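Reproduced below: start03.txt, with compact mmCIF, C-alpha atoms.
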```
# COMPACT_ATOMS: atom_id res chain seq x y z
CA MET A 1 -44.22 -30.99 43.05
CA ALA A 2 -42.61 -33.54 45.33
CA GLU A 3 -40.10 -35.95 43.83
CA LEU A 4 -42.15 -38.91 45.10
CA ASN A 5 -45.87 -38.86 45.81
CA ILE A 6 -47.30 -41.58 48.02
CA ASN A 7 -51.03 -42.23 48.30
CA GLU A 8 -52.12 -44.58 51.07
CA ARG A 9 -55.25 -46.74 50.94
CA GLN A 10 -56.51 -49.73 52.86
CA ALA A 11 -57.55 -53.01 51.16
CA GLY A 12 -58.79 -55.22 53.97
CA ASP A 13 -55.88 -55.56 56.37
CA VAL A 14 -53.33 -54.71 53.70
CA THR A 15 -52.08 -51.12 53.35
CA VAL A 16 -51.41 -50.23 49.73
CA LEU A 17 -49.02 -47.40 48.94
CA ASP A 18 -49.56 -46.10 45.41
CA MET A 19 -46.31 -44.38 44.55
CA SER A 20 -45.54 -42.04 41.68
CA GLY A 21 -42.35 -40.24 40.79
CA LYS A 22 -38.73 -41.01 41.57
CA ILE A 23 -37.20 -42.98 44.42
CA THR A 24 -33.74 -41.47 44.41
CA ILE A 25 -31.19 -40.24 46.92
CA GLY A 26 -32.56 -37.47 49.09
CA GLU A 27 -36.24 -36.62 49.01
CA GLY A 28 -37.64 -39.73 47.29
CA SER A 29 -35.82 -42.27 49.46
CA VAL A 30 -36.64 -40.32 52.63
CA ALA A 31 -40.34 -40.16 51.67
CA LEU A 32 -40.50 -43.94 51.30
CA ARG A 33 -38.62 -44.52 54.57
CA THR A 34 -40.88 -42.08 56.46
CA ALA A 35 -44.07 -43.66 55.08
CA VAL A 36 -43.03 -47.22 55.96
CA ARG A 37 -41.76 -46.31 59.44
CA ARG A 38 -45.04 -44.47 60.17
CA LEU A 39 -47.13 -47.49 59.08
CA LEU A 40 -45.08 -49.75 61.37
CA GLU A 41 -45.63 -47.35 64.27
CA GLU A 42 -49.38 -47.54 63.55
CA GLY A 43 -49.16 -51.32 63.67
CA LYS A 44 -49.77 -51.69 59.92
CA LYS A 45 -47.42 -54.50 58.98
CA ARG A 46 -48.95 -55.85 55.78
CA ILE A 47 -47.76 -53.43 53.16
CA LEU A 48 -48.03 -53.53 49.37
CA LEU A 49 -46.01 -51.04 47.33
CA ASN A 50 -47.63 -50.25 43.98
CA LEU A 51 -44.68 -49.10 41.86
CA ALA A 52 -46.48 -48.75 38.51
CA GLN A 53 -45.93 -44.99 38.36
CA VAL A 54 -42.36 -44.98 39.66
CA SER A 55 -40.43 -43.64 36.70
CA TYR A 56 -36.95 -43.90 38.15
CA ILE A 57 -35.05 -45.50 41.00
CA ASP A 58 -31.35 -45.36 41.88
CA SER A 59 -29.16 -47.44 44.19
CA SER A 60 -30.34 -45.37 47.16
CA GLY A 61 -33.98 -46.14 46.27
CA ILE A 62 -33.20 -49.83 45.85
CA GLY A 63 -31.46 -49.69 49.24
CA GLU A 64 -34.55 -48.10 50.76
CA LEU A 65 -36.73 -50.92 49.38
CA VAL A 66 -34.36 -53.40 51.04
CA SER A 67 -34.37 -51.45 54.33
CA SER A 68 -38.17 -51.34 54.29
CA TYR A 69 -38.32 -55.07 53.60
CA THR A 70 -36.00 -55.95 56.50
CA ALA A 71 -37.67 -53.46 58.92
CA ILE A 72 -41.13 -54.89 58.17
CA ASN A 73 -39.91 -58.50 58.40
CA LYS A 74 -38.33 -57.72 61.76
CA GLU A 75 -41.74 -56.60 63.03
CA GLY A 76 -43.33 -59.83 61.79
CA GLY A 77 -44.95 -58.13 58.81
CA GLN A 78 -44.81 -58.59 55.06
CA LEU A 79 -43.73 -56.18 52.32
CA LYS A 80 -44.68 -57.08 48.76
CA LEU A 81 -44.23 -55.27 45.45
CA LEU A 82 -46.82 -54.66 42.74
CA ASN A 83 -46.52 -53.55 39.11
CA LEU A 84 -42.78 -53.22 38.62
CA THR A 85 -41.74 -51.31 35.53
CA GLN A 86 -39.45 -53.21 33.17
CA LYS A 87 -36.49 -51.04 34.22
CA LEU A 88 -37.05 -51.71 37.92
CA GLN A 89 -37.48 -55.41 37.24
CA ASP A 90 -34.15 -55.35 35.35
CA LEU A 91 -32.42 -53.60 38.28
CA LEU A 92 -33.81 -56.09 40.80
CA THR A 93 -32.73 -58.94 38.53
CA ILE A 94 -29.08 -57.87 38.21
CA THR A 95 -28.87 -57.16 41.96
CA LYS A 96 -30.41 -60.60 42.65
CA LEU A 97 -33.16 -58.93 44.67
CA LEU A 98 -35.95 -60.27 42.48
CA THR A 99 -35.57 -63.55 44.37
CA VAL A 100 -35.88 -61.73 47.71
CA PHE A 101 -39.04 -59.71 47.07
CA ASP A 102 -42.51 -61.15 46.55
CA VAL A 103 -43.56 -59.48 43.29
CA TYR A 104 -47.02 -59.36 41.66
CA GLU A 105 -48.48 -58.03 38.43
CA SER A 106 -52.10 -58.14 39.62
CA GLU A 107 -53.41 -56.37 42.71
CA PRO A 108 -56.02 -59.05 43.55
CA ASP A 109 -53.30 -61.74 43.37
CA ALA A 110 -51.06 -59.62 45.59
CA LEU A 111 -53.82 -59.02 48.16
CA ASN A 112 -54.81 -62.70 48.21
CA SER A 113 -51.20 -63.70 48.88
CA TYR A 114 -51.36 -62.12 52.36
CA LYS A 115 -54.14 -64.52 53.45
CA MET B 1 -20.78 -36.67 14.14
CA THR B 2 -18.32 -34.21 15.59
CA ALA B 3 -16.54 -34.45 18.91
CA GLU B 4 -17.99 -32.39 21.73
CA THR B 5 -16.82 -31.69 25.27
CA THR B 6 -18.79 -30.14 28.13
CA GLU B 7 -17.40 -29.37 31.58
CA LEU B 8 -19.37 -28.74 34.76
CA SER B 9 -18.20 -27.68 38.20
CA LEU B 10 -20.87 -28.35 40.81
CA PRO B 11 -21.26 -27.89 44.58
CA SER B 12 -21.07 -30.91 46.89
CA ARG B 13 -24.77 -31.16 47.63
CA ILE B 14 -27.32 -33.92 47.10
CA ASP B 15 -29.26 -31.79 44.58
CA THR B 16 -26.11 -31.72 42.42
CA VAL B 17 -26.98 -35.30 41.40
CA ALA B 18 -30.15 -34.10 39.65
CA THR B 19 -28.33 -31.08 38.17
CA ALA B 20 -25.62 -33.31 36.69
CA ALA B 21 -28.20 -35.81 35.39
CA ALA B 22 -30.14 -33.03 33.65
CA ALA B 23 -26.95 -31.72 32.01
CA VAL B 24 -26.01 -35.22 30.89
CA ALA B 25 -29.50 -35.83 29.45
CA GLU B 26 -29.21 -32.61 27.46
CA PHE B 27 -25.71 -33.58 26.28
CA LEU B 28 -26.85 -37.08 25.29
CA SER B 29 -29.83 -35.72 23.35
CA ARG B 30 -27.30 -34.05 21.03
CA SER B 31 -25.00 -37.06 20.83
CA GLY B 32 -27.34 -39.46 19.00
CA ILE B 33 -26.99 -42.20 21.59
CA THR B 34 -29.75 -44.84 21.85
CA GLU B 35 -32.48 -44.55 24.50
CA ASP B 36 -31.31 -47.74 26.23
CA ALA B 37 -27.71 -46.55 26.38
CA ALA B 38 -28.87 -43.14 27.64
CA PHE B 39 -30.77 -44.81 30.50
CA GLY B 40 -27.63 -46.67 31.58
CA ILE B 41 -25.39 -43.62 31.27
CA ASP B 42 -27.86 -41.55 33.30
CA MET B 43 -27.90 -44.21 36.00
CA ALA B 44 -24.09 -44.46 36.07
CA VAL B 45 -23.64 -40.67 36.21
CA ARG B 46 -26.09 -40.32 39.10
CA GLU B 47 -24.25 -43.02 41.04
CA ALA B 48 -20.81 -41.54 40.29
CA VAL B 49 -21.89 -38.02 41.31
CA THR B 50 -23.62 -39.37 44.43
CA ASN B 51 -20.39 -41.10 45.44
CA ALA B 52 -18.37 -37.94 44.74
CA VAL B 53 -20.71 -35.75 46.82
CA ILE B 54 -21.21 -38.13 49.75
CA HIS B 55 -18.13 -40.34 50.01
CA GLY B 56 -15.56 -38.20 48.20
CA ASN B 57 -16.31 -34.63 49.27
CA GLN B 58 -18.50 -35.63 52.24
CA GLN B 59 -20.98 -32.88 51.31
CA ASN B 60 -18.38 -30.19 52.06
CA GLU B 61 -19.68 -27.28 49.98
CA ASN B 62 -16.21 -25.78 49.78
CA LYS B 63 -15.28 -28.69 47.54
CA THR B 64 -16.58 -29.12 44.01
CA VAL B 65 -17.54 -32.09 41.91
CA ASP B 66 -16.22 -31.64 38.40
CA VAL B 67 -17.90 -33.50 35.56
CA THR B 68 -16.48 -33.77 32.04
CA LEU B 69 -18.63 -35.10 29.20
CA LYS B 70 -17.01 -36.10 25.92
CA SER B 71 -18.77 -37.36 22.86
CA SER B 72 -16.93 -38.80 19.86
CA PRO B 73 -18.01 -40.89 16.87
CA ASP B 74 -16.99 -44.02 18.79
CA ALA B 75 -18.09 -43.45 22.36
CA VAL B 76 -19.39 -41.24 25.13
CA GLU B 77 -16.91 -40.71 27.97
CA ILE B 78 -17.82 -39.22 31.32
CA SER B 79 -15.39 -38.31 34.09
CA VAL B 80 -16.41 -37.32 37.60
CA HIS B 81 -13.73 -35.79 39.81
CA ASP B 82 -13.97 -35.17 43.55
CA GLN B 83 -11.55 -33.76 46.13
CA GLY B 84 -11.84 -36.59 48.62
CA ALA B 85 -9.24 -38.89 50.13
CA GLY B 86 -9.83 -41.68 47.63
CA PHE B 87 -10.58 -45.37 48.07
CA ASN B 88 -9.68 -48.72 46.60
CA PRO B 89 -12.48 -49.93 44.32
CA GLU B 90 -11.27 -53.50 44.85
CA ASP B 91 -12.19 -53.15 48.55
CA VAL B 92 -15.86 -52.52 47.75
CA PRO B 93 -17.80 -55.72 48.51
CA ASP B 94 -19.83 -57.45 45.80
CA PRO B 95 -23.46 -56.43 46.54
CA THR B 96 -24.75 -59.59 44.83
CA ALA B 97 -22.85 -61.93 47.17
CA GLU B 98 -25.30 -63.79 49.37
CA GLU B 99 -24.13 -62.11 52.58
CA ASN B 100 -24.58 -58.62 51.05
CA ILE B 101 -27.90 -58.94 49.21
CA LEU B 102 -29.95 -57.48 52.07
CA LYS B 103 -27.58 -54.59 52.75
CA ALA B 104 -29.14 -51.15 52.34
CA SER B 105 -26.18 -49.66 50.48
CA GLY B 106 -23.21 -50.57 48.32
CA ARG B 107 -24.83 -50.94 44.87
CA GLY B 108 -23.69 -47.70 43.23
CA ILE B 109 -20.38 -48.91 41.80
CA PHE B 110 -22.05 -52.17 40.77
CA PHE B 111 -24.59 -50.17 38.69
CA MET B 112 -21.82 -48.05 37.15
CA ARG B 113 -19.97 -51.20 36.08
CA SER B 114 -23.19 -52.85 34.89
CA PHE B 115 -24.27 -50.01 32.61
CA MET B 116 -20.96 -48.74 31.21
CA ASP B 117 -18.45 -50.57 29.01
CA GLU B 118 -15.43 -49.34 30.97
CA VAL B 119 -15.15 -47.88 34.46
CA ASN B 120 -11.83 -47.02 36.05
CA TRP B 121 -10.56 -44.86 38.85
CA LEU B 122 -7.58 -42.54 39.04
CA ILE B 123 -6.69 -41.77 42.63
CA ARG B 124 -4.16 -39.07 43.40
CA PRO B 125 -2.90 -39.02 47.01
CA GLY B 126 -4.29 -35.80 48.48
CA GLY B 127 -5.63 -34.76 45.11
CA GLY B 128 -8.98 -36.45 44.90
CA THR B 129 -10.45 -39.22 42.81
CA THR B 130 -11.52 -39.27 39.18
CA VAL B 131 -13.83 -41.98 37.91
CA ARG B 132 -13.82 -42.32 34.14
CA MET B 133 -16.68 -44.15 32.47
CA LEU B 134 -16.94 -45.08 28.81
CA LYS B 135 -19.95 -46.19 26.78
CA ARG B 136 -19.18 -47.32 23.24
CA ARG B 137 -21.65 -46.58 20.47
```
What is this file in structure tokens?
Amino acid sequence: MAELNINERQAGDVTVLDMSGKITIGEGSVALRTAVRRLLEEGKKRILLNLAQVSYIDSSGIGELVSSYTAINKEGGQLKLLNLTQKLQDLLTITKLLTVFDVYESEPDALNSYK
Amino acid sequence: MTAETTELSLPSRIDTVATAAAAVAEFLSRSGITEDAAFGIDMAVREAVTNAVIHGNQQNENKTVDVTLKSSPDAVEISVHDQGAGFNPEDVPDPTAEENILKASGRGIFFMRSFMDEVNWLIRPGGGTTVRMLKRR
């Protein structure tokens, strides 16, 4: 089983990536980077990461979230986060990244925010 | 609670991070540490081993990463030793400074310091770097 599984679905013009597993150095971080870069190449610039099933993230994974955010912004798109676990929320708080990312607890609220 | 020491010598590969984390989890399960503390120790160990593999030994498989785990009634102490050239921890920029927040890397040492009670480095010229991390009970 892969370290990180990513399921892609479309909700209007927003691409939702339902992620489960670990975003850690090596396979997990690379999987996230590959998925986001591919969406940008396909012109999909409104991206919502559903992190409810992400059990673990390290500094490399946090770095990949930041890289994805800046790459998408650079293309005029928007990256938002959905369903952070308490641990991930704590990590984003201490790194001061919670103020950078647009974070939602409800998918309808997240999708409406792109309009 | 009795004192216990475990030593590991691991190859300088990315998958060593998961191997070390699994060994630490097993060690901590015997040490009676709280779940919250175990989460932080796990995080710190992964970051320390990642640094040793990538920055210290530069993924040279001829060099090992040596991990020592010590449990005592007062604390859990973890040392990670690499064979790299060493660095000055004071030179590592603060990842929470405004100009660094959107950088893709540079948070590993910050996490180690956040989750452990003590983190210090012993750097021997030509002899590698040892990071020693302590979590009090």
Item checked: Counting all atoms listed in the file, the option among A:Ile72, A:Ala52, A:Ile94, A:Leu79 closest to chain B ->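 Once distances to chain B are computed over all atoms listed in the file, the minimum belongs to A:Ile94.
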Give me, as a tab-separated table, the closest atom pair and its distance (Å, one decimal) for every residue of chain B within a cut-off of 6 Å of chain A, counting only C-alpha atoms, rows sorted by chain and rising number.
```
residue	atom	partner	partner_atom	distance
B:Thr96	CA	A:Thr95	CA	5.6
B:Ala104	CA	A:Gly63	CA	4.1
B:Ser105	CA	A:Gly63	CA	5.4
B:Arg107	CA	A:Ser59	CA	5.6
B:Gly108	CA	A:Ser59	CA	5.6
```
Check: Please, what distance in Å, to one decimal, runs between CA of Glu118 in chain B and CA of Ser72 in chain B?
Finding: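 That distance, rounded to one decimal, is 15.4 Å.
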Margin query: What does the structure give for the distance between CA of Leu17 in chain A and CA of Leu49 in chain A, in Å to one decimal?
Written below: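 Going from CA of Leu17 in chain A over to CA of Leu49 in chain A covers 5.0 Å.
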Checklist line | Residue contacts of Ala3 in chain B (10 Å, all atoms listed in the file) excluding same-chain residues fewer than 6 positions away, as a ChimeraX atom specification | finding: /B:31,70-76
For Gly127 in chain B: contacts at 9 Å, only C-alpha atoms, fewer than 5 positions along chain excluded, given as a compact mmCIF listing (two decimals) with C-alpha atoms, in the coordinates of the input:
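And here is the file that came out, part27.txt:
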```txt
# COMPACT_ATOMS: atom_id res chain seq x y z
CA ASP B 82 -13.97 -35.17 43.55
CA GLN B 83 -11.55 -33.76 46.13
CA GLY B 84 -11.84 -36.59 48.62
CA ALA B 85 -9.24 -38.89 50.13
CA GLY B 86 -9.83 -41.68 47.63
```
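Counting from CA of Asp117 in chain B, the distance to CA of Leu134 in chain B is 5.7 Å.
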Item checked: Selection: 9 Å around range 51-56 of chain B, all atoms listed in the file, excl. self and same-chain fewer than 4 positions, as an MDAnalysis selection string -> chainID B and resid 11:14 16:17 46:47 60 63:65 80:87 108:109 128:130
Next item on the list: Tell me which of A:Ile23, A:Leu98, A:Leu88, A:Ala71 sits closest to Leu40 in chain A, counting all atoms listed in the file.
Entry: A:Ala71
Item checked: Spatial neighbours of Ile6 in chain A, max dist 10 Å, all atoms listed in the file, sep filter under 6 positions, as a list of chain:residue names ->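 Here the qualifying residues turn out to be A:Val16, A:Leu17, A:Asp18, A:Met19, A:Ser20, A:Gly21, A:Gly28, A:Ala31, A:Leu32, A:Ala35, A:Leu49, A:Asn50.
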Just add N, CA and C atoms to range 45-74 of chain A and send it as a compact mmCIF listing (two decimals), in the coordinates of the input.
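Output contents, as saved in part.txt:
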```txt
# COMPACT_ATOMS: atom_id res chain seq x y z
N LYS A 45 -48.61 -53.72 59.33
CA LYS A 45 -47.42 -54.50 58.98
C LYS A 45 -47.57 -55.28 57.67
N ARG A 46 -48.76 -55.21 57.09
CA ARG A 46 -48.95 -55.85 55.78
C ARG A 46 -49.01 -54.73 54.76
N ILE A 47 -47.92 -54.60 54.02
CA ILE A 47 -47.76 -53.43 53.16
C ILE A 47 -47.48 -53.87 51.71
N LEU A 48 -48.22 -53.26 50.79
CA LEU A 48 -48.03 -53.53 49.37
C LEU A 48 -47.63 -52.24 48.68
N LEU A 49 -46.47 -52.24 48.05
CA LEU A 49 -46.01 -51.04 47.33
C LEU A 49 -46.38 -51.17 45.86
N ASN A 50 -47.26 -50.27 45.40
CA ASN A 50 -47.63 -50.25 43.98
C ASN A 50 -46.67 -49.29 43.27
N LEU A 51 -45.77 -49.87 42.46
CA LEU A 51 -44.68 -49.10 41.86
C LEU A 51 -44.93 -48.76 40.38
N ALA A 52 -46.18 -48.93 39.94
CA ALA A 52 -46.48 -48.75 38.51
C ALA A 52 -46.05 -47.38 37.99
N GLN A 53 -46.22 -46.36 38.83
CA GLN A 53 -45.93 -44.99 38.36
C GLN A 53 -44.57 -44.48 38.83
N VAL A 54 -43.71 -45.40 39.26
CA VAL A 54 -42.36 -44.98 39.66
C VAL A 54 -41.48 -44.98 38.41
N SER A 55 -41.12 -43.78 37.98
CA SER A 55 -40.43 -43.64 36.70
C SER A 55 -38.93 -43.91 36.81
N TYR A 56 -38.40 -43.80 38.03
CA TYR A 56 -36.95 -43.90 38.15
C TYR A 56 -36.58 -44.29 39.57
N ILE A 57 -35.56 -45.12 39.68
CA ILE A 57 -35.05 -45.50 41.00
C ILE A 57 -33.54 -45.64 40.89
N ASP A 58 -32.81 -45.20 41.91
CA ASP A 58 -31.35 -45.36 41.88
C ASP A 58 -30.92 -46.34 42.97
N SER A 59 -29.62 -46.44 43.22
CA SER A 59 -29.16 -47.44 44.19
C SER A 59 -29.65 -47.08 45.60
N SER A 60 -29.82 -45.79 45.85
CA SER A 60 -30.34 -45.37 47.16
C SER A 60 -31.80 -45.83 47.32
N GLY A 61 -32.58 -45.69 46.24
CA GLY A 61 -33.98 -46.14 46.27
C GLY A 61 -34.09 -47.64 46.43
N ILE A 62 -33.22 -48.36 45.71
CA ILE A 62 -33.20 -49.83 45.85
C ILE A 62 -32.84 -50.18 47.29
N GLY A 63 -31.86 -49.45 47.85
CA GLY A 63 -31.46 -49.69 49.24
C GLY A 63 -32.60 -49.43 50.20
N GLU A 64 -33.41 -48.42 49.89
CA GLU A 64 -34.55 -48.10 50.76
C GLU A 64 -35.61 -49.19 50.68
N LEU A 65 -35.80 -49.78 49.49
CA LEU A 65 -36.73 -50.92 49.38
C LEU A 65 -36.24 -52.07 50.27
N VAL A 66 -34.93 -52.31 50.23
CA VAL A 66 -34.36 -53.40 51.04
C VAL A 66 -34.51 -53.10 52.53
N SER A 67 -34.23 -51.85 52.92
CA SER A 67 -34.37 -51.45 54.33
C SER A 67 -35.81 -51.62 54.79
N SER A 68 -36.75 -51.22 53.95
CA SER A 68 -38.17 -51.34 54.29
C SER A 68 -38.53 -52.81 54.47
N TYR A 69 -38.05 -53.63 53.55
CA TYR A 69 -38.32 -55.07 53.60
C TYR A 69 -37.81 -55.67 54.92
N THR A 70 -36.57 -55.35 55.28
CA THR A 70 -36.00 -55.95 56.50
C THR A 70 -36.68 -55.38 57.75
N ALA A 71 -37.01 -54.07 57.74
CA ALA A 71 -37.67 -53.46 58.92
C ALA A 71 -39.05 -54.09 59.13
N ILE A 72 -39.78 -54.31 58.06
CA ILE A 72 -41.13 -54.89 58.17
C ILE A 72 -41.05 -56.36 58.60
N ASN A 73 -40.11 -57.09 58.01
CA ASN A 73 -39.91 -58.50 58.40
C ASN A 73 -39.59 -58.62 59.88
N LYS A 74 -38.76 -57.70 60.36
CA LYS A 74 -38.33 -57.72 61.76
C LYS A 74 -39.52 -57.55 62.70
```
